[in-house]
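> Sharing a structure below in structure tokens format, with a few things to ask.
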Amino acid sequence: MLQISFIREHPQEVVNRLKIKNFDASQLVKQIIATDELRREAQTRLDETLAEANKLAKSIGQLFKEGKREEANDMKARSAALKASSKSLAEALEKHNDELHELLVQLPNLPHASVVPGKTSDDNEIIHTEGEIRDAGEKALAHWDLAKKYRIIDFELGNKVTGAGFPFYRGKGARLQRALINFFLEEGVKAGYEEYQPPLLVNEDSAYGTGQLPDKEGQMYAVPVDGLYLIPTAEVPITNIYRNVILKETDFPVKNVAYSNCFRREAGSWGAHVRGLNRLHQFDKVEIVQIRKQDDSYEALEEMREYVASLLRKLELPFRILRLCGGDISFTSALTYDFEVFSEAQKRWLEVSSVSNFESFQANRMKLRYKTKEGKTLIAHTLNGSALALPRIVAALLENNQTENGIKIPEALVPYTGFEMID
RNA sequence: GGAGAGUUGGCAGAGUGGUCGAAUGCGGCGGUCUCGAAAACCGUUUUCCGGUGACAACUGGAACAAGGGUUCGAAUCCCUUACUCUCCGCCA
């Protein structure tokens with residue numbers, strides 16, 4: 001959510017910058033400013049009425065003490081009238097507040113100056129490519145075939161027990177999952193992140209805080225009887241730690257890493273290109289979250305980008321980094337880097353990580369602030385990134401490392417798996 | 001799940017209808033003292049929304065778990081919800 005004060009002072013800039021995201025904000029901004037004006041008027045009138053009522057109540061008390069009962073009773077009548085009008089003013093104010101809020105949440109975050117216009121993912125800029133792409137040859141198997149051949153992931157069994165998109169991992173497949181999770185967490189801790197193990201279900205306030213509600217309600221599994229939601233990413237509980245919090249300067253930088261299962265309904269997004277591990281309803285992911293002061297959040301973003309690159313390097317996977325164009329960047333993000341690894345049997349790039357700076361967009365909605373040395377209270381900046389999501393990493397590891405004798409585990413991972421080959 | 005008690009400022013903890021945004025202690029910040037530090041002493045210390053004015057300042061309103069109610073007036077009385085604690089039951 002953008003700050004109302006910013007919109008009020010820079011309406012044209014908001015409209016111009018949102019054009020990069022192919023979002024026509026001109027009407028919305030007009031409505032927001034008009035509603036804000038109504039809201040402030042109502043606030044002023046309510047305050048005046050309440051001020052009078054407060055004064056009156058005080059003098060009534062005084063009169064009672066002095067025994068002037070009759071005068072007091074006269075004033076009571078006036079007070080009652082004030083009460084009625086303050087009530088209707090309060091209702092009007094609340095209505096304006098709600099309306100304003102409803103309008104504000106429709107406005108996407110402003111893109112960073114480096115974000116280029118564009119319509120779709122085809123317009124994303126490839127800013128870095130690294131690693132060797134080998135020709136896996138005609139006989140190369142896709143990961144779903146490899147999974148079956150080595151009996152390490154069982155999709156059919158998942159279908160039977162739960163449904164599509166909920167596979168079983170077994171044997172060395174399960175151990176590979178566990179190894180990757182540990183590897184990612186250990187690397188995160190080494191890089192200065194504090195490890196958290198969050199709840200997998202969150203309440204409505206939390207789902208709202210990071211913007212899953214109301215925008216992406218249909219994407220989350222819900223437990224309505226308890227008012228809870230299954231998290232689509234650890235970002236939700238981890239960022240919500242700081243909901244309604246005012247940090248001190250000395251608390252910075254906040255760097256957290258968390259592993260969680262992630263649950264996504266992915267309604268209506270199934271098809272041939274999402275076979276196997278390419279898209280799941282339940283998957284594993286290690287997430288990094290940073291909270292920064294306003295002046296160094298972009299340094300943090302670059303640091304996170306380099307960190308994610310270092311993970312892929314250690315896993316010896318060929319990857320590239322994209323800077324998302326205005327049309328592909330998310331509603332809440334100001335600047336996003338996507339990481340894709342090349343899957344040699346499918347012969348396509350698979351997105352494995354998304355690293356974003358949300359600037360104050362999330363923090364404003366969550367009321368996450370910090371106090372400067374001078375005593376000013378500012379909205380913090382939030383950033384997060386996958387580091388990393390497992391399924392597509394596993395898909396690429398299986399496909400890229402297949403040999404006649406089995407699947408070779410990258411060296412960096414062997415201490416975690418305890419084996420060098422899946423065979 | 002049953003019975004009872006509770007939820008106040010960063011923390012501890014007063015406050016049972018008006019003088020309470022809220023005592024006191026601790027912590028934090030600034031200062032005096034000191035070569036420096038500790039101790040002591042002095043001062044200061046929540047947040048949000050408005051208005052005037054604009055690096056300051058002044059001023060109105062709101063918030064004592066959340067929401068609603070009673071009352072001229074609520075931290076204080078009533079109701080609902082959430083959470084915490086104690087005892088019992090159940091249990092990985």
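Identifiers in this document derive from the order of the structure tokens: chains are assigned A, B, ..., residues are numbered from 1 separately in each chain, and ligands are numbered from 1 in order of occurrence.
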Find the residues of chain A in contact range of chain B, meaning any atom within 8 Å when counting only C-alpha atoms (C1' of nucleotides), and list them as a PyMOL selection string.

chain A and resi 40+43-44+46-48+50-51+56-58+60-61+75-76+79-80

> List every residue of region 222-375 of chain A that DSSP, applied to the backbone, labels as strand (DSSP E or B), and write the result as a PyMOL selection string.

chain A and resi 222-223+228-230+246-248+254-263+282-292+319-323+335-343+348-359+369-371

> Using only C-alpha atoms, which of A:Lys255, A:His112, A:Arg320, A:Arg8 sits nearest Ser356 (chain A)?

A:His112

> Which residues come within 8 Å of Ala25 (chain A), counting only C-alpha atoms (C1' of nucleotides), excluding same-chain residues fewer than 4 positions away, as a PyMOL selection string?

chain A and resi 14-15+18-19+29+107

> Dump C-alpha atoms for the selected residues as a JSON list (two decimals), in the first residue's frame?


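The file below, result17.json, is the result:
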```
[["chain", "number", "residue", "atom", "x", "y", "z"],
["A", 14, "VAL", "CA", 2.26, 8.02, -9.20],
["A", 15, "VAL", "CA", 0.29, 7.91, -12.44],
["A", 18, "LEU", "CA", 2.54, 3.07, -12.78],
["A", 19, "LYS", "CA", 2.35, 3.32, -16.57],
["A", 29, "VAL", "CA", -5.59, 8.56, -7.91],
["A", 107, "LEU", "CA", -2.90, 0.70, -6.30]]
```

> From a backbone DSSP assignment, name each residue in region 139-307 of chain A labelled helix (DSSP H, G or I), as a ChimeraX atom specification.

/A:143-149,155-161,172-190,204-209,217-219,224-226,235-240,249-251,272-274,276-278,294-307

> Could you list, as a PyMOL selection string, every residue within 8 Å of Leu104 (chain A), counting only C-alpha atoms (C1' of nucleotides) and ignoring same-chain residues fewer than 3 positions away?

chain A and resi 1-2+4+32+100-101+107

> Residues at most 12 Å from C85 (chain B), counting only C-alpha atoms (C1' of nucleotides), excluding those fewer than 5 positions away in the same chain, as a PyMOL selection string?

chain B and resi 4-7

> Please produce a file of those selected residues containing N, CA and C atoms (P, O5', C5', C4', C3', O3' and C1' of nucleotides), as an mmCIF file, in the first residue's frame.


```cif
data_model
loop_
_atom_site.group_PDB
_atom_site.id
_atom_site.type_symbol
_atom_site.label_atom_id
_atom_site.label_comp_id
_atom_site.auth_asym_id
_atom_site.auth_seq_id
_atom_site.Cartn_x
_atom_site.Cartn_y
_atom_site.Cartn_z
ATOM 1 P P G B 4 -16.607 -21.046 36.843
ATOM 2 O "O5'" G B 4 -15.239 -20.460 37.403
ATOM 3 C "C5'" G B 4 -15.085 -20.225 38.802
ATOM 4 C "C4'" G B 4 -13.643 -20.009 39.145
ATOM 5 C "C3'" G B 4 -13.024 -18.694 38.694
ATOM 6 O "O3'" G B 4 -13.373 -17.601 39.528
ATOM 7 C "C1'" G B 4 -11.534 -20.449 38.208
ATOM 8 P P A B 5 -13.403 -16.127 38.938
ATOM 9 O "O5'" A B 5 -11.854 -15.789 38.763
ATOM 10 C "C5'" A B 5 -11.040 -15.510 39.897
ATOM 11 C "C4'" A B 5 -9.601 -15.323 39.477
ATOM 12 C "C3'" A B 5 -9.335 -14.119 38.576
ATOM 13 O "O3'" A B 5 -9.199 -12.913 39.291
ATOM 14 C "C1'" A B 5 -8.275 -16.033 37.686
ATOM 15 P P G B 6 -9.662 -11.556 38.594
ATOM 16 O "O5'" G B 6 -8.639 -11.401 37.385
ATOM 17 C "C5'" G B 6 -7.381 -10.781 37.570
ATOM 18 C "C4'" G B 6 -6.423 -11.179 36.481
ATOM 19 C "C3'" G B 6 -6.331 -10.251 35.272
ATOM 20 O "O3'" G B 6 -5.515 -9.136 35.539
ATOM 21 C "C1'" G B 6 -6.344 -12.512 34.559
ATOM 22 P P U B 7 -5.737 -7.778 34.735
ATOM 23 O "O5'" U B 7 -5.107 -8.131 33.311
ATOM 24 C "C5'" U B 7 -3.671 -8.270 33.156
ATOM 25 C "C4'" U B 7 -3.404 -8.490 31.684
ATOM 26 C "C3'" U B 7 -3.613 -7.237 30.826
ATOM 27 O "O3'" U B 7 -2.493 -7.004 29.992
ATOM 28 C "C1'" U B 7 -4.899 -9.072 30.007
#
```

> Tell me, as a list in words, which residues lie within 10 Å of Thr233 (chain A), counting only C-alpha atoms (C1' of nucleotides); anything in the same chain fewer than 5 positions away does not count.

Leu200, Ile238, Ala258, Tyr259, Ser260, Asn261, Cys262, Phe263, Arg264, Phe283, Asp284, Lys285, Val286, Glu287, Ser386 and Ala389 of chain A

> Counting only C-alpha atoms (C1' of nucleotides), which of B:C41, B:C48, B:C11, B:A57 gets nearest to C26 (chain B)?

B:C11

> Which distance in Å separates CA of Trp349 (chain A) and CA of Thr332 (chain A), to one decimal?

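Going from CA of Trp349 (chain A) over to CA of Thr332 (chain A) covers 24.4 Å.
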
> Quick one: of A:Asp145, A:Asp338, A:Asp98, A:Glu399, who's nearest to Met304 (chain A), counting only C-alpha atoms?

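Among the listed residues, A:Asp338 lies closest to Met304 (chain A).
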
> Which residues are close to U70 (chain B), i.e. within 12 Å by only C-alpha atoms (C1' of nucleotides), leaving aside same-chain residues fewer than 6 positions away? Reply as a PyMOL selection string.

chain B and resi 17+77-79

> Could the residues in this selection be saved with all heavy atoms as an mmCIF file, in the first residue's frame?


```
data_model
loop_
_atom_site.group_PDB
_atom_site.id
_atom_site.type_symbol
_atom_site.label_atom_id
_atom_site.label_comp_id
_atom_site.auth_asym_id
_atom_site.auth_seq_id
_atom_site.Cartn_x
_atom_site.Cartn_y
_atom_site.Cartn_z
ATOM 1 P P G B 17 -15.237 3.727 42.136
ATOM 2 O OP1 G B 17 -15.531 4.835 43.031
ATOM 3 O OP2 G B 17 -15.946 2.448 42.226
ATOM 4 O "O5'" G B 17 -15.543 4.359 40.696
ATOM 5 C "C5'" G B 17 -14.716 4.285 39.566
ATOM 6 C "C4'" G B 17 -15.091 5.360 38.593
ATOM 7 O "O4'" G B 17 -16.314 4.997 37.893
ATOM 8 C "C3'" G B 17 -15.326 6.747 39.136
ATOM 9 O "O3'" G B 17 -14.363 7.614 38.529
ATOM 10 C "C2'" G B 17 -16.738 7.126 38.634
ATOM 11 O "O2'" G B 17 -16.799 8.452 38.146
ATOM 12 C "C1'" G B 17 -16.907 6.194 37.453
ATOM 13 N N9 G B 17 -18.277 5.971 37.034
ATOM 14 C C8 G B 17 -19.346 5.540 37.766
ATOM 15 N N7 G B 17 -20.436 5.481 37.065
ATOM 16 C C5 G B 17 -20.081 5.911 35.796
ATOM 17 C C6 G B 17 -20.845 6.065 34.614
ATOM 18 O O6 G B 17 -22.039 5.835 34.449
ATOM 19 N N1 G B 17 -20.078 6.515 33.570
ATOM 20 C C2 G B 17 -18.747 6.791 33.638
ATOM 21 N N2 G B 17 -18.168 7.223 32.519
ATOM 22 N N3 G B 17 -18.007 6.652 34.726
ATOM 23 C C4 G B 17 -18.738 6.212 35.766
ATOM 24 P P C B 77 -14.657 -2.631 36.714
ATOM 25 O OP1 C B 77 -14.507 -3.285 38.041
ATOM 26 O OP2 C B 77 -14.116 -3.276 35.501
ATOM 27 O "O5'" C B 77 -16.198 -2.339 36.443
ATOM 28 C "C5'" C B 77 -17.113 -2.179 37.527
ATOM 29 C "C4'" C B 77 -18.519 -2.126 36.988
ATOM 30 O "O4'" C B 77 -18.739 -0.835 36.354
ATOM 31 C "C3'" C B 77 -18.819 -3.135 35.875
ATOM 32 O "O3'" C B 77 -19.157 -4.403 36.408
ATOM 33 C "C2'" C B 77 -19.991 -2.475 35.160
ATOM 34 O "O2'" C B 77 -21.196 -2.643 35.856
ATOM 35 C "C1'" C B 77 -19.582 -0.993 35.223
ATOM 36 N N1 C B 77 -18.849 -0.537 34.026
ATOM 37 C C2 C B 77 -19.533 -0.408 32.811
ATOM 38 O O2 C B 77 -20.733 -0.691 32.771
ATOM 39 N N3 C B 77 -18.864 0.014 31.719
ATOM 40 C C4 C B 77 -17.573 0.317 31.800
ATOM 41 N N4 C B 77 -16.953 0.736 30.697
ATOM 42 C C5 C B 77 -16.851 0.190 33.015
ATOM 43 C C6 C B 77 -17.519 -0.235 34.102
ATOM 44 P P C B 78 -18.857 -5.709 35.574
ATOM 45 O OP1 C B 78 -19.111 -6.866 36.457
ATOM 46 O OP2 C B 78 -17.550 -5.566 34.888
ATOM 47 O "O5'" C B 78 -19.990 -5.657 34.457
ATOM 48 C "C5'" C B 78 -21.363 -5.827 34.803
ATOM 49 C "C4'" C B 78 -22.198 -5.810 33.536
ATOM 50 O "O4'" C B 78 -22.075 -4.504 32.906
ATOM 51 C "C3'" C B 78 -21.739 -6.772 32.449
ATOM 52 O "O3'" C B 78 -22.232 -8.081 32.673
ATOM 53 C "C2'" C B 78 -22.325 -6.131 31.193
ATOM 54 O "O2'" C B 78 -23.701 -6.381 31.073
ATOM 55 C "C1'" C B 78 -22.111 -4.644 31.494
ATOM 56 N N1 C B 78 -20.853 -4.123 30.933
ATOM 57 C C2 C B 78 -20.785 -3.858 29.556
ATOM 58 O O2 C B 78 -21.773 -4.089 28.858
ATOM 59 N N3 C B 78 -19.640 -3.364 29.039
ATOM 60 C C4 C B 78 -18.589 -3.131 29.822
ATOM 61 N N4 C B 78 -17.479 -2.640 29.257
ATOM 62 C C5 C B 78 -18.624 -3.400 31.218
ATOM 63 C C6 C B 78 -19.764 -3.893 31.730
ATOM 64 P P C B 79 -21.357 -9.322 32.117
ATOM 65 O OP1 C B 79 -21.990 -10.542 32.666
ATOM 66 O OP2 C B 79 -19.914 -9.079 32.330
ATOM 67 O "O5'" C B 79 -21.647 -9.256 30.558
ATOM 68 C "C5'" C B 79 -22.945 -9.528 30.052
ATOM 69 C "C4'" C B 79 -22.953 -9.351 28.550
ATOM 70 O "O4'" C B 79 -22.573 -7.982 28.222
ATOM 71 C "C3'" C B 79 -21.926 -10.185 27.797
ATOM 72 O "O3'" C B 79 -22.378 -11.508 27.584
ATOM 73 C "C2'" C B 79 -21.798 -9.411 26.486
ATOM 74 O "O2'" C B 79 -22.888 -9.653 25.628
ATOM 75 C "C1'" C B 79 -21.871 -7.964 26.981
ATOM 76 N N1 C B 79 -20.546 -7.363 27.187
ATOM 77 C C2 C B 79 -19.835 -6.911 26.063
ATOM 78 O O2 C B 79 -20.338 -7.060 24.953
ATOM 79 N N3 C B 79 -18.615 -6.343 26.231
ATOM 80 C C4 C B 79 -18.108 -6.214 27.459
ATOM 81 N N4 C B 79 -16.908 -5.640 27.578
ATOM 82 C C5 C B 79 -18.807 -6.664 28.625
ATOM 83 C C6 C B 79 -20.005 -7.230 28.436
#
```
